[in-house]
>>> print(open('target-v1.txt').read())   # compact mmCIF, C-alpha atoms
# COMPACT_ATOMS: atom_id res chain seq x y z
CA MET A 28 0.71 -17.99 6.04
CA LEU A 29 -1.41 -19.27 3.15
CA SER A 30 -3.07 -21.92 5.31
CA LYS A 31 -3.80 -19.29 7.99
CA ILE A 32 -5.41 -17.00 5.41
CA LYS A 33 -7.59 -19.83 4.16
CA GLU A 34 -8.67 -20.55 7.74
CA THR A 35 -9.51 -16.87 8.28
CA ILE A 36 -11.57 -16.84 5.09
CA ARG A 37 -13.45 -20.00 6.12
CA PHE A 38 -14.28 -18.33 9.43
CA LEU A 39 -15.57 -15.20 7.69
CA ASN A 40 -17.60 -17.33 5.29
CA THR A 41 -19.27 -19.12 8.20
CA LYS A 42 -20.18 -15.71 9.64
CA GLY A 43 -21.94 -14.82 6.39
CA VAL A 44 -19.24 -12.89 4.53
CA LYS A 45 -19.60 -14.12 0.96
CA GLU A 46 -19.35 -11.99 -2.17
CA VAL A 47 -17.41 -8.76 -1.74
CA ASP A 48 -16.82 -6.04 -4.33
CA THR A 49 -14.61 -3.53 -2.52
CA GLY A 50 -12.37 -3.43 0.53
CA ILE A 51 -11.86 -0.31 2.63
CA ILE A 52 -9.22 0.50 5.25
CA LEU A 53 -10.19 3.40 7.52
CA GLY A 54 -7.43 5.39 9.19
CA THR A 55 -7.04 7.40 12.39
CA GLY A 56 -10.17 9.39 13.23
CA LEU A 57 -11.81 8.26 10.00
CA GLY A 58 -14.36 5.68 11.07
CA GLY A 59 -17.42 7.73 10.11
CA LEU A 60 -17.78 6.06 6.72
CA VAL A 61 -19.06 3.01 8.58
CA ASP A 62 -22.21 5.00 9.44
CA GLU A 63 -22.98 5.12 5.71
CA ILE A 64 -22.79 1.34 5.32
CA SER A 65 -25.90 -0.81 5.59
CA ILE A 66 -24.22 -3.20 8.02
CA GLU A 67 -25.02 -6.91 7.86
CA ILE A 68 -22.14 -8.27 9.93
CA SER A 69 -19.73 -6.65 12.40
CA ILE A 70 -16.89 -8.76 13.79
CA PRO A 71 -14.35 -7.58 16.39
CA TYR A 72 -10.80 -8.27 15.28
CA GLU A 73 -10.10 -10.39 18.36
CA GLU A 74 -12.68 -12.93 17.15
CA ILE A 75 -11.08 -13.37 13.73
CA PRO A 76 -8.45 -16.13 13.49
CA TYR A 77 -4.90 -14.78 13.06
CA PHE A 78 -6.02 -11.14 12.86
CA PRO A 79 -3.93 -8.71 14.90
CA ILE A 80 -5.75 -6.57 17.47
CA SER A 81 -5.83 -2.81 17.04
CA THR A 82 -4.15 -1.20 20.05
CA VAL A 83 -4.56 2.46 19.05
CA GLU A 84 -7.31 4.17 21.04
CA PHE A 85 -8.68 5.98 17.96
CA HIS A 86 -9.26 2.71 16.07
CA LYS A 87 -12.44 0.69 16.74
CA GLY A 88 -11.02 -2.67 15.67
CA ARG A 89 -13.95 -4.14 13.75
CA LEU A 90 -14.42 -5.78 10.37
CA ILE A 91 -17.64 -4.51 8.81
CA TYR A 92 -19.55 -6.32 6.06
CA GLY A 93 -22.49 -4.69 4.32
CA THR A 94 -23.68 -2.58 1.42
CA LEU A 95 -22.53 0.88 0.36
CA SER A 96 -23.56 2.63 -2.85
CA GLY A 97 -25.17 -0.60 -4.02
CA LYS A 98 -21.98 -2.67 -3.64
CA LYS A 99 -20.89 -5.29 -1.12
CA ILE A 100 -18.21 -3.82 1.15
CA LEU A 101 -15.73 -5.28 3.61
CA ALA A 102 -14.37 -2.42 5.70
CA MET A 103 -11.63 -2.38 8.31
CA GLN A 104 -12.64 0.11 11.00
CA GLY A 105 -9.14 0.52 12.34
CA ARG A 106 -5.85 -0.67 10.90
CA PHE A 107 -2.55 -2.00 12.24
CA HIS A 108 0.81 -0.26 12.40
CA TYR A 109 4.42 -1.34 12.63
CA TYR A 110 4.86 0.94 15.63
CA GLU A 111 2.35 -1.14 17.60
CA GLY A 112 4.91 -3.92 17.67
CA TYR A 113 3.52 -6.00 14.82
CA SER A 114 5.64 -7.36 11.98
CA MET A 115 4.93 -6.08 8.49
CA GLN A 116 3.48 -9.49 7.65
CA GLU A 117 0.98 -9.03 10.49
CA VAL A 118 0.22 -5.42 9.51
CA THR A 119 -0.65 -6.49 5.96
CA TYR A 120 -2.30 -9.83 6.76
CA PRO A 121 -5.82 -8.37 6.38
CA VAL A 122 -5.01 -7.08 2.88
CA ARG A 123 -4.15 -10.60 1.77
CA VAL A 124 -7.38 -11.87 3.33
CA LEU A 125 -9.42 -9.17 1.59
CA LYS A 126 -7.86 -9.97 -1.79
CA MET A 127 -8.29 -13.73 -1.46
CA ILE A 128 -11.87 -13.40 -0.25
CA GLY A 129 -12.61 -11.69 -3.56
CA ILE A 130 -12.41 -7.88 -3.44
CA ASN A 131 -11.72 -6.14 -6.76
CA HIS A 132 -10.54 -2.77 -5.41
CA LEU A 133 -8.97 -1.51 -2.20
CA LEU A 134 -9.73 2.01 -0.93
CA ILE A 135 -7.49 3.34 1.84
CA SER A 136 -7.62 6.41 4.07
CA ASN A 137 -5.19 7.88 6.56
CA ALA A 138 -4.47 10.94 8.65
CA ALA A 139 -1.24 12.68 7.64
CA GLY A 140 0.87 15.69 8.50
CA ASN A 141 0.95 18.39 5.82
CA MET A 142 4.37 19.64 4.69
CA ASN A 143 3.21 21.39 1.50
CA LYS A 144 2.93 25.13 2.17
CA SER A 145 0.43 25.53 -0.69
CA TRP A 146 -2.12 23.35 1.07
CA ASN A 147 -4.15 23.77 4.26
CA LYS A 148 -4.95 21.67 7.27
CA GLY A 149 -8.32 19.99 6.82
CA GLU A 150 -7.92 19.43 3.08
CA LEU A 151 -7.57 16.06 1.35
CA MET A 152 -4.75 14.63 -0.77
CA VAL A 153 -5.03 11.65 -3.08
CA ILE A 154 -1.72 9.80 -3.08
CA ASP A 155 0.00 9.63 -6.46
CA ASP A 156 3.24 8.09 -5.19
CA HIS A 157 5.05 7.33 -1.97
CA ILE A 158 8.45 7.15 -0.30
CA ASN A 159 8.97 4.22 2.05
CA LEU A 160 11.21 4.99 5.05
CA GLN A 161 9.85 2.22 7.24
CA PRO A 162 12.48 -0.28 8.42
CA GLU A 163 10.90 -3.53 7.27
CA ASN A 164 9.20 -4.71 4.07
CA PRO A 165 6.06 -6.90 4.08
CA LEU A 166 7.42 -8.95 1.15
CA ARG A 167 10.62 -9.94 2.97
CA GLY A 168 11.07 -13.70 3.37
CA VAL A 169 10.33 -16.81 1.37
CA ASN A 170 7.96 -15.92 -1.46
CA ILE A 171 4.57 -17.60 -1.72
CA PRO A 172 3.70 -17.86 -5.46
CA GLU A 173 -0.03 -17.49 -4.78
CA PHE A 174 0.64 -13.97 -3.50
CA GLY A 175 2.42 -12.77 -6.63
CA PRO A 176 6.01 -11.84 -7.54
CA LEU A 177 8.61 -11.24 -4.86
CA PHE A 178 10.17 -8.43 -6.90
CA THR A 179 6.91 -6.51 -7.17
CA ASP A 180 6.75 -3.65 -9.66
CA MET A 181 5.96 -0.32 -7.99
CA SER A 182 6.13 2.01 -10.99
CA GLN A 183 2.46 2.96 -10.51
CA PRO A 184 1.48 1.88 -6.99
CA TYR A 185 -1.79 3.86 -6.91
CA ASN A 186 -4.26 3.03 -9.67
CA LYS A 187 -4.43 5.87 -12.18
CA ASN A 188 -8.03 5.18 -13.18
CA LEU A 189 -9.20 5.31 -9.56
CA ASN A 190 -7.25 8.52 -8.95
CA ASN A 191 -8.67 10.14 -12.08
CA SER A 192 -12.20 9.18 -11.04
CA LEU A 193 -11.63 10.73 -7.62
CA HIS A 194 -10.57 14.03 -9.22
CA VAL A 195 -13.71 14.06 -11.37
CA ILE A 196 -15.92 13.37 -8.34
CA ALA A 197 -14.14 16.06 -6.32
CA LYS A 198 -14.69 18.64 -9.04
CA GLN A 199 -18.36 17.71 -9.39
CA ASN A 200 -18.86 18.16 -5.64
CA GLY A 201 -16.73 21.25 -5.05
CA ILE A 202 -14.19 19.36 -2.94
CA THR A 203 -10.57 20.43 -2.78
CA LEU A 204 -8.51 17.34 -3.64
CA ASN A 205 -4.77 17.80 -3.80
CA GLU A 206 -2.48 15.17 -5.28
CA GLY A 207 1.02 14.39 -4.10
CA VAL A 208 3.59 12.16 -2.43
CA TYR A 209 3.15 10.41 0.93
CA VAL A 210 6.19 9.43 2.97
CA ALA A 211 5.83 6.60 5.48
CA VAL A 212 7.93 6.69 8.64
CA GLU A 213 8.10 4.25 11.54
CA GLY A 214 6.60 6.35 14.35
CA PRO A 215 5.01 6.55 16.82
CA ASN A 216 6.71 9.84 17.72
CA LEU A 217 6.13 12.78 15.42
CA GLU A 218 9.01 14.40 13.57
CA THR A 219 11.56 17.00 14.60
CA ARG A 220 11.96 20.27 12.68
CA ALA A 221 15.07 18.89 10.98
CA GLU A 222 13.24 15.72 10.00
CA TYR A 223 10.38 17.69 8.44
CA ARG A 224 12.93 19.66 6.40
CA TYR A 225 14.57 16.42 5.29
CA LEU A 226 11.28 14.77 4.33
CA ARG A 227 10.20 17.83 2.38
CA ASN A 228 13.57 18.03 0.62
CA ILE A 229 13.40 14.43 -0.58
CA GLY A 230 10.09 15.12 -2.31
CA ALA A 231 7.28 14.34 0.13
CA ASP A 232 4.14 16.45 0.55
CA VAL A 233 2.69 14.66 3.57
CA VAL A 234 3.99 12.28 6.23
CA GLY A 235 2.34 9.39 8.04
CA MET A 236 2.93 6.02 9.68
CA SER A 237 0.76 3.64 7.64
CA THR A 238 -0.65 2.85 4.17
CA VAL A 239 2.58 2.02 2.33
CA PRO A 240 2.85 -1.59 3.60
CA GLU A 241 -0.76 -2.26 2.56
CA VAL A 242 -0.15 -0.73 -0.85
CA ILE A 243 2.98 -2.81 -1.43
CA VAL A 244 1.05 -6.00 -0.70
CA ALA A 245 -1.90 -4.87 -2.84
CA ASN A 246 0.46 -4.33 -5.76
CA GLN A 247 2.08 -7.71 -5.26
CA MET A 248 -1.37 -9.31 -5.44
CA SER A 249 -2.45 -7.23 -8.48
CA LEU A 250 -5.14 -5.49 -6.44
CA PRO A 251 -5.98 -1.99 -7.76
CA CYS A 252 -5.88 0.50 -4.90
CA CYS A 253 -6.10 4.19 -4.10
CA ALA A 254 -5.48 6.16 -0.94
CA ILE A 255 -6.60 9.52 0.41
CA SER A 256 -4.81 11.41 3.18
CA VAL A 257 -6.66 13.83 5.43
CA LEU A 258 -4.24 16.67 6.23
CA THR A 259 -4.68 16.88 9.97
CA ASP A 260 -1.84 19.21 11.00
CA ASP A 261 0.62 21.66 9.46
CA CYS A 262 4.22 20.51 9.63
CA ASP A 263 6.15 23.64 8.73
CA PRO A 264 9.50 23.42 10.56
CA ASP A 265 9.79 27.19 10.67
CA THR A 266 6.52 27.62 12.60
CA LEU A 267 6.18 24.21 14.23
CA GLN A 268 3.92 23.96 17.27
CA PRO A 269 3.69 21.12 19.85
CA VAL A 270 1.38 18.37 18.64
CA ASN A 271 -2.18 18.20 19.91
CA ILE A 272 -3.63 14.75 19.27
CA ASP A 273 -7.18 15.85 20.13
CA ASP A 274 -6.91 18.59 17.51
CA ILE A 275 -5.62 16.10 14.94
CA ILE A 276 -8.55 13.76 15.56
CA ALA A 277 -11.05 16.65 15.45
CA THR A 278 -9.61 17.85 12.13
CA ALA A 279 -9.79 14.34 10.68
CA GLN A 280 -13.41 13.94 11.71
CA LYS A 281 -14.37 17.34 10.32
CA ALA A 282 -12.71 16.67 6.96
CA GLU A 283 -14.12 13.17 6.73
CA LYS A 284 -17.42 14.37 5.28
CA ASP A 285 -15.64 15.11 2.00
CA LEU A 286 -13.78 11.80 2.10
CA ILE A 287 -17.11 10.01 2.53
CA VAL A 288 -18.55 11.73 -0.55
CA LEU A 289 -15.51 10.80 -2.63
CA TYR A 290 -15.47 7.15 -1.67
CA LYS A 291 -19.26 6.67 -1.82
CA GLU A 292 -19.36 8.06 -5.35
CA LEU A 293 -16.24 6.14 -6.39
CA ILE A 294 -17.71 2.85 -5.16
CA LYS A 295 -20.92 3.61 -7.03
CA SER A 296 -18.92 3.98 -10.26
CA LEU A 297 -16.93 0.75 -9.91
>>> encode(input="target-v1.txt", output="structure tokens")
Amino acid sequence: MLSKIKETIRFLNTKGVKEVDTGIILGTGLGGLVDEISIEISIPYEEIPYFPISTVEFHKGRLIYGTLSGKKILAMQGRFHYYEGYSMQEVTYPVRVLKMIGINHLLISNAAGNMNKSWNKGELMVIDDHINLQPENPLRGVNIPEFGPLFTDMSQPYNKNLNNSLHVIAKQNGITLNEGVYVAVEGPNLETRAEYRYLRNIGADVVGMSTVPEVIVANQMSLPCCAISVLTDDCDPDTLQPVNIDDIIATAQKAEKDLIVLYKELIKSL
């Protein structure tokens, strides 16, 4: 894999991607941040050596290089999921590329189902910790020393300084920013009423199908990261309604304006 990553980086370098300060992964319905970037280079995933191709209709599938808040940014407009049929090594391949091309921080976003009755659909949650219920681990296999330790410490997977900065920015801008636990499941189906009860009982506030693999790899590679979930639907098993994907996407896009403020100001402070 190391030789493939180096080939990917050489390709990106030839396209003009050089110095990069921050990497961004944009989740379902959350591509609007790209409009805030002064774009220099936009590369479809299918043109990038060894990159998977985003198959989800809500993901654009482009790697964006440019400037945001005065910093050089490399943003993934669309991510990859285990449920698309990719291995965890493929899902997290771009994170390794981003780290080895030189990013200093990784900012992640996702759309998630809200199981905390104290919160409301359309609000944001910064992830403090997670529970991994996905069936495969991106670190499984023969360890490559250049990536970091096989037995990666996960005692503080989300960087405390980044999270604290996000809370300060949220307060300054009147943005409701909850903090809690994200549980990652395999998907792509949504959960049953019994499963929501189970996930809530084991300590999760929100549920989604991404983010955790990328965070595991970021921690292995000593890459400080943070992640914000947009709460796109209420997952109360006692009042559960059939899922409406269009409504989920609309909620994500409406809430994204606050996410954009948070990440623009955070990048400015880095």
>>> closest_residue(input="target-v1.txt", among="A:Asp155, A:Asp274, A:Glu111, A:Glu213", to="A:Pro79", atoms="all atoms listed in the file")
A:Glu111
>>> residues_near_point(input="target-v1.txt", point="(-2.2, 8.0, -7.7)", cutoff="7 Å", atoms="all atoms listed in the file", output="list in words")
Val153, Ile154, Asp155, Asp156, Tyr185, Asn186, Lys187, Asn190 and Cys253 of chain A
>>> write_last_selection(input="target-v1.txt", atoms="C-alpha atoms", output="tab-separated table (two decimals), in the frame of the given file")
chain	number	residue	atom	x	y	z
A	153	VAL	CA	-5.03	11.65	-3.08
A	154	ILE	CA	-1.72	9.80	-3.08
A	155	ASP	CA	0.00	9.63	-6.46
A	156	ASP	CA	3.24	8.09	-5.19
A	185	TYR	CA	-1.79	3.86	-6.91
A	186	ASN	CA	-4.26	3.03	-9.67
A	187	LYS	CA	-4.43	5.87	-12.18
A	190	ASN	CA	-7.25	8.52	-8.95
A	253	CYS	CA	-6.10	4.19	-4.10
>>> closest_residue(input="target-v1.txt", among="A:Gly54, A:Gly201, A:Gly88, A:Gly207", to="A:Ile276", atoms="all atoms listed in the file")
A:Gly54
>>> closest_residue(input="target-v1.txt", among="A:Ile80, A:Ile91, A:Val210, A:Ile130", to="A:Glu63", atoms="all atoms listed in the file")
A:Ile91
>>> closest_residue(input="target-v1.txt", among="A:Tyr209, A:Tyr120, A:Tyr110, A:Trp146", to="A:Pro165", atoms="all atoms listed in the file")
A:Tyr120
>>> closest_residue(input="target-v1.txt", among="A:Val122, A:His108, A:Leu293, A:Lys284", to="A:Ile36", atoms="only C-alpha atoms")
A:Val122
>>> residues_around(input="target-v1.txt", residues="A:Ile64", least_positions_apart="2", cutoff="9 Å", atoms="only C-alpha atoms", output="ChimeraX atom specification")
/A:60-62,66-67,91-96,100
>>> atom_distance(input="target-v1.txt", atom1="atom CA of A:Glu173", atom2="atom CA of A:Ser81")
26.9 Å
>>> atom_distance(input="target-v1.txt", atom1="atom CA of A:Lys126", atom2="atom CA of A:Gln104")
17.0 Å
>>> closest_residue(input="target-v1.txt", among="A:Thr119, A:Asn137, A:Thr203, A:Ser249", to="A:Phe174", atoms="all atoms listed in the file")
A:Ser249
